[in-house]
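S.K.: Before I ask anything, here is the structure I am working with.
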Protein chains: 4
Amino acid sequence: MYKVDLNADLGESFGAYTIGMDREVLRFISSANVACGFHAGDPLVMQKTVLLAKELDTRVGAHPGFPDLMGFGRRNMTISPDEAKAYVKYQVGALLAFTKAAGIKMQHVKLHGAFYNMSAKNDAMAAAICEGIKEIDPDLIVLGLAGSAHIRAAEAIGLRAASEVFADRAYQKDGSLVPRSQPGSMVHDRNEAIARTIRMVKEGLVTTIDGEDIPIHAHSICVHGDNPDAVGFVQEIRSRLIEEGITVTDIESVIS
Amino acid sequence: MYKVDLNADLGESFGAYTIGMDREVLRFISSANVACGFHAGDPLVMQKTVLLAKELDTRVGAHPGFPDLMGFGRRNMTISPDEAKAYVKYQVGALLAFTKAAGIKMQHVKLHGAFYNMSAKNDAMAAAICEGIKEIDPDLIVLGLAGSAHIRAAEAIGLRAASEVFADRAYQKDGSLVPRSQPGSMVHDRNEAIARTIRMVKEGLVTTIDGEDIPIHAHSICVHGDNPDAVGFVQEIRSRLIEEGITVTDIESVIS
Amino acid sequence: MYKVDLNADLGESFGAYTIGMDREVLRFISSANVACGFHAGDPLVMQKTVLLAKELDTRVGAHPGFPDLMGFGRRNMTISPDEAKAYVKYQVGALLAFTKAAGIKMQHVKLHGAFYNMSAKNDAMAAAICEGIKEIDPDLIVLGLAGSAHIRAAEAIGLRAASEVFADRAYQKDGSLVPRSQPGSMVHDRNEAIARTIRMVKEGLVTTIDGEDIPIHAHSICVHGDNPDAVGFVQEIRSRLIEEGITVTDIESVIS
Amino acid sequence: MYKVDLNADLGESFGAYTIGMDREVLRFISSANVACGFHAGDPLVMQKTVLLAKELDTRVGAHPGFPDLMGFGRRNMTISPDEAKAYVKYQVGALLAFTKAAGIKMQHVKLHGAFYNMSAKNDAMAAAICEGIKEIDPDLIVLGLAGSAHIRAAEAIGLRAASEVFADRAYQKDGSLVPRSQPGSMVHDRNEAIARTIRMVKEGLVTTIDGEDIPIHAHSICVHGDNPDAVGFVQEIRSRLIEEGITVTDIESVIS
């Protein structure tokens with residue numbers, strides 16, 4: 001039986017600032033990545049998001065980012081592996097306070113933005129971060145870019161790892177994403193994006209920008225909940241996956 | 001047998017900024033209050049402080065403060081009980097990541113600065129904060145000002161509470177501290193300060209600024225490690241307590 | 001001839017976070033209070049807002065707040081007069097960089113949120129802040145609550161002061177606003193709010209919550225641009241003022 | 001007649017945190033680079049530092065850094081040229097508030113840490129930043145690494161530029177500094193460091209790590225005031241320069 005998780009970044013509001021249609025997108029996803037106060041989110045927002053996910057029966061993961069609220073964690077920062085590890089531990093711990101208080105189990109950890117990209121390519125960084133996660137709770141699942149250094153680092157120390165794919169992004173031969181700055185990096189046609197995703201889940205294959213088929217793990221599909229269009233797409237991809245006989249379920253169920 | 005804890009605020013450095021003689025003072029105290037990144041401390045400092053406390057066999061507690069690094073958490077902020085509760089949970093959770101990773105148990109939670117003073121007097125605030133602590137771990141000990149709303153709130157919901165006294169501060173009839181802005185608020189003579197402390201521990205009495213004896217609980221004595229003088233005082237008060245037959249031990253042992 | 005200014009808070013977005021319909025409301029107001037990075041706003045937002053105000057020929061003022069982005073500057077902080085003065089200077093200076101670069105003159109300074117309220121009531125705070133403004137540029141106009149300590153402090157040191165009134169708020173006998181926590185604090189009926197405002201401008205009188213008429217200075221009316229409704233009200237009050245023969249113009253023209 | 005400026009970074013304290021022996025080093029330097037609140041410094045510290053520099057008759061410049069207090073501005077951040085320009089304007093403007101209030105003229109702008117290094121190598125970044133400085137005040141002097149893109153960008157738009165050299169750093173053939181991570185990057189011998197500096201000032205030559213002489217502009221020498229040793233070195237290099245007939249004076253006098 002085919003299974004896949006749908007994950008989205010949530011809890012990105014901050015103080016008086018609101019971002020994201022959290023309640024709407026939570027109805028369609030199976031795992032929520034909750035911002036932890038460095039690139040987005042604040043303690044009240046974290047608490048509210050965890051309780052909302054619990055109410056709608058969606059699994060919760062920590063979504064640590066760079067300490068750069070002004071840049072929303074999207075700008076690269078040359079932090080050291082030691083700093084990376086400590087920043088992840090701090091943020092995962094902070095969110096754990098709210099999952100413990102809510103009586104739910106934290107399912108996974110997924111890095112945010114530039115932190116995610118850095119750890120996808122940098123072995124030393126990835127190793128340090130995964131060690132940090134393991135030190136807090138070896139039962140946490142590491143959610144990362146399919147085929148990345150981050151996934152390899154998690155598996156190397158015995159953590160469970162889940163590979164994430166993108167419905168609307170083009171892939172290169174080595175399994176990495178075509179950078180957004182390059183032409184053809186995005187799959188704009190919704191039907192094509194969904195068809196590609198179904199193939200990744202069922203066949204474990206994706207056609208690269210060069211027209212070649214490469215193998216890919218698709219435990220989870222990254223979706224967005226920033227605007228009504230994005231939420232509409234999540235609803236649509238969920239329906240289509242189910243029509244194709246694919247069960248949409250949480251990460252833990254997918255990888256077990 | 002008489003027992004008392006010595007506690008001090010540690011881990012208050014931040015990035016390139018260093019405050020406190022943490023290693024020196026850790027040799028003489030039995031409980032360390034570790035800053036959690038809001039008023040002081042950063043993830044690397046928190047990790048280092050927890051490991052240092054573990055190495056020197058000193059118990060660790062969280063020391064949450066207001067989100068005001070520029071004011072070192074010493075300025076009052078009119079946050080709501082809901083905000084207070086969420087801020088405490090966030091900070092306690094963040095430090096828990098480092099105590100869990102270090103394989104040690106977090107012993108207690110003590111608020112910092114203006115947050116401490118606010119929760120000592122405000123019942124609604126104290127109740128919200130203590131609920132937050134309980135939701136994370138009902139085994140955490142609440143360390144607060146002897147005779148305060150904070151202590152009462154902890155006891156009211158079944159948390160273990162430990163009362164803190166100050167060697168160098170004058171007390172009022174109702175058991176509260178004489179504000180620093182008033183004459184006679186400080187006990188400058190070291191011998192007098194130590195003698196008063198010994199009496200608080202042994203007899204459970206302190207002479208107020210008006211010359212009256214009032215009852216006081218002294219589970220823990222607050223000391224400082226900012227400078228060589230302060231550390232010298234900690235060493236001295238520790239020796240004198242032991243000479244008086246008082247065991248200096250952690251909070252958990254004192255209240256059990 | 002009757003004249004009045006319409007002012008609104010703008011430039012409150014931050015990084016990836018957007019607040020306010022700045023372009024829409026700028027068409028109807030005559031003075032914009034631009035956030036300076038402490039409670040809201042960031043350097044790019046400040047630059048964009050100043051250029052937008054220039055394009056739409058609206059006068060610009062600095063809108064300094066407390067260093068509390070998480071609380072949007074709405075929570076009281078017990079800072080000292082020296083801190084208040086330095087915080088205002090820092091923020092006014094930062095915005096001056098963008099007005100100078102844009103080739104426009106900064107017209108005024110209006111405090112934000114809890115900072116505004118504090119300086120409306122606290123003489124020492126108001127004096128320190130107005131001195132800070134004067135030290136930077138004695139030609140800056142201080143915009144503050146009609147009848148407040150802030151206005152008196154500005155006038156006492158020879159700064160030009162402009163008094164602000166609220167269309168939708170009830171007043172007390174002493175000219176202060178009825179706190180939002182009390183019943184009857186808001187004037188919900190739009191027509192009544194506009195009629196009250198016209199009377200404040202033309203007759204210099206307002207009826208208090210107790211039914212008494214008191215004198216009030218109305219150099220500027222505070223309006224909002226957070227949502228379509230608010231912008232609609234700004235458009236309406238502007239039309240009605242003009243119909244009543246009141247010229248809507250900038251603060252400098254009103255008080256000269 | 002030979003002339004050179006001695007510059008040091010000052011005003012790097014923040015809130016309760018103290019860094020630097022500002023008063024001591026100010027006696028020996030001719031130009032102070034004052035932190036502006038992003039990587040270090042706060043409004044009160046900025047005000048105090050400007051007044052101290054005025055008292056000791058030392059010229060003042062702005063020292064803008066990355067918005068990274070936790071990393072003290074030493075970590076690279078991939079901000080855009082637009083962001084860089086706006087961040088510099090914000091910080092220069094903020095410090096201008098304090099120099100204007102103190103009745104002194106701001107002499108120069110020198111970037112801090114990773115921001116300095118980025119703009120030394122990146123033409124687009126350097127151009128944007130220098131435009132930002134010019135938009136605020138075309139009379140400001142740009143102080144930058146001798147031979148860098150930053151200096152070229154300043155000159156290209158008609159700003160006055162001053163070239164900075166390091167007494168204790170080794171140089172490469174292209175005039176850039178040997179990275180600290182490489183062997184031989186530092187000149188540890190004080191006498192050698194001073195002799196090299198004197199030669200840079202008098203002959204406009206420096207011997208690279210490969211033993212070759214290359215031309216170098218030395219308008220200003222970067223010194224440090226973090227600890228007694230550093231201050232001792234500043235005093236020594238100042239005496240030796242004067243003994244060699246070199247006038248130690250401010251940047252404006254050196255380049256005019």
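Starting from 1 in every chain, residues are counted up; chains themselves are A, B, ... following the order of the structure tokens, and ligands are numbered from 1 as listed.
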Residues of chain C within 7 Å of chain B, counting only C-alpha atoms - could you list those as a PDB file with N, CA, C and O atoms, in the first residue's frame?

M.R.:
ATOM      1  N   ARG C  75       3.117  47.383  25.345  1.00  0.00           N
ATOM      2  CA  ARG C  75       3.233  47.018  26.759  1.00  0.00           C
ATOM      3  C   ARG C  75       4.122  48.035  27.462  1.00  0.00           C
ATOM      4  O   ARG C  75       5.191  48.391  26.977  1.00  0.00           O
ATOM      5  N   ASN C  76       3.679  48.446  28.628  1.00  0.00           N
ATOM      6  CA  ASN C  76       4.462  49.414  29.362  1.00  0.00           C
ATOM      7  C   ASN C  76       5.802  48.810  29.786  1.00  0.00           C
ATOM      8  O   ASN C  76       5.876  47.639  30.136  1.00  0.00           O
ATOM      9  N   MET C  77       6.875  49.607  29.716  1.00  0.00           N
ATOM     10  CA  MET C  77       8.188  49.192  30.210  1.00  0.00           C
ATOM     11  C   MET C  77       8.695  50.312  31.102  1.00  0.00           C
ATOM     12  O   MET C  77       8.655  51.479  30.721  1.00  0.00           O
ATOM     13  N   THR C  78       9.194  49.961  32.271  1.00  0.00           N
ATOM     14  CA  THR C  78       9.643  50.997  33.199  1.00  0.00           C
ATOM     15  C   THR C  78      11.081  51.424  32.893  1.00  0.00           C
ATOM     16  O   THR C  78      11.999  51.128  33.631  1.00  0.00           O
ATOM     17  N   ILE C  79      11.220  52.119  31.763  1.00  0.00           N
ATOM     18  CA  ILE C  79      12.543  52.640  31.423  1.00  0.00           C
ATOM     19  C   ILE C  79      12.732  53.987  32.124  1.00  0.00           C
ATOM     20  O   ILE C  79      11.775  54.628  32.545  1.00  0.00           O
TER      21      ILE C  79
END

S.K.: Identify, with DSSP run on backbone atoms, the residues in stretch 3-231 of chain B assigned to alpha helix (DSSP H), and express the list as a VMD selection string.

M.R.: chain B and resid 22 to 26 43 to 55 81 to 102 113 to 121 123 to 136 149 to 156 190 to 203 228 to 231

S.K.: Give me, as a ChimeraX atom specification, all polymer residues having an atom no more than 12 Å from D:Ile194, counting only C-alpha atoms and skipping those fewer than 4 positions away in the same chain.

M.R.: /D:165-169,187-190,198-201,206,221,223,233-244

S.K.: For B:Val248, work out the shell of residues within 10 Å, counting only C-alpha atoms and skipping chain neighbours fewer than 2 positions away, then give it as a ChimeraX atom specification.

M.R.: /B:2-6,28-30,220,238-239,241-242,245-246,250-251,253-254

S.K.: Go ahead and write the residues just picked, C-alpha atoms, as a CSV table (one decimal), in the first residue's frame.

M.R.:
chain,number,residue,atom,x,y,z
B,2,TYR,CA,19.8,22.2,59.8
B,3,LYS,CA,20.0,22.4,56.0
B,4,VAL,CA,20.1,25.2,53.5
B,5,ASP,CA,20.8,25.7,49.8
B,6,LEU,CA,23.0,28.4,48.3
B,28,PHE,CA,30.6,27.1,46.6
B,29,ILE,CA,26.9,27.0,45.7
B,30,SER,CA,24.5,24.1,45.6
B,220,SER,CA,17.8,28.7,50.1
B,238,ARG,CA,29.4,28.8,53.2
B,239,SER,CA,32.2,28.2,55.7
B,241,LEU,CA,27.1,28.0,57.8
B,242,ILE,CA,29.1,24.7,58.0
B,245,GLY,CA,26.4,22.8,61.9
B,246,ILE,CA,24.3,23.7,59.0
B,250,ASP,CA,20.7,21.3,47.1
B,251,ILE,CA,17.1,22.5,47.3
B,253,SER,CA,17.5,17.8,49.9
B,254,VAL,CA,16.6,20.8,51.9

S.K.: From stretch 164-222 of chain B, collect each residue whose DSSP state is strand (DSSP E) and return the set as an MDAnalysis selection string.

M.R.: chainID B and resid 164:166 205:207 213:215 220:222

S.K.: Now that the selection is made, can you save its residues with C-alpha atoms as an mmCIF file, in the first residue's frame?

M.R.:
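Everything below was put into part-v1.cif:
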data_model
loop_
_atom_site.group_PDB
_atom_site.id
_atom_site.type_symbol
_atom_site.label_atom_id
_atom_site.label_comp_id
_atom_site.auth_asym_id
_atom_site.auth_seq_id
_atom_site.Cartn_x
_atom_site.Cartn_y
_atom_site.Cartn_z
ATOM 1 C CA GLU B 164 14.555 32.097 49.265
ATOM 2 C CA VAL B 165 16.047 34.661 51.628
ATOM 3 C CA PHE B 166 18.619 37.403 51.187
ATOM 4 C CA LEU B 205 13.255 34.371 62.465
ATOM 5 C CA VAL B 206 14.506 37.664 61.092
ATOM 6 C CA THR B 207 14.543 41.113 62.691
ATOM 7 C CA ASP B 213 11.146 39.601 64.932
ATOM 8 C CA ILE B 214 9.059 37.877 62.278
ATOM 9 C CA PRO B 215 8.972 34.245 61.133
ATOM 10 C CA SER B 220 17.776 28.750 50.071
ATOM 11 C CA ILE B 221 20.046 31.788 50.305
ATOM 12 C CA CYS B 222 20.520 33.954 47.228
#

S.K.: Find, counting only C-alpha atoms, the residue in A:Gly103, A:Gly41, A:Gly113, A:Gly204 that gets nearest to A:Glu55.

M.R.: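 Ranked by minimum distance to A:Glu55, first place goes to A:Gly103.
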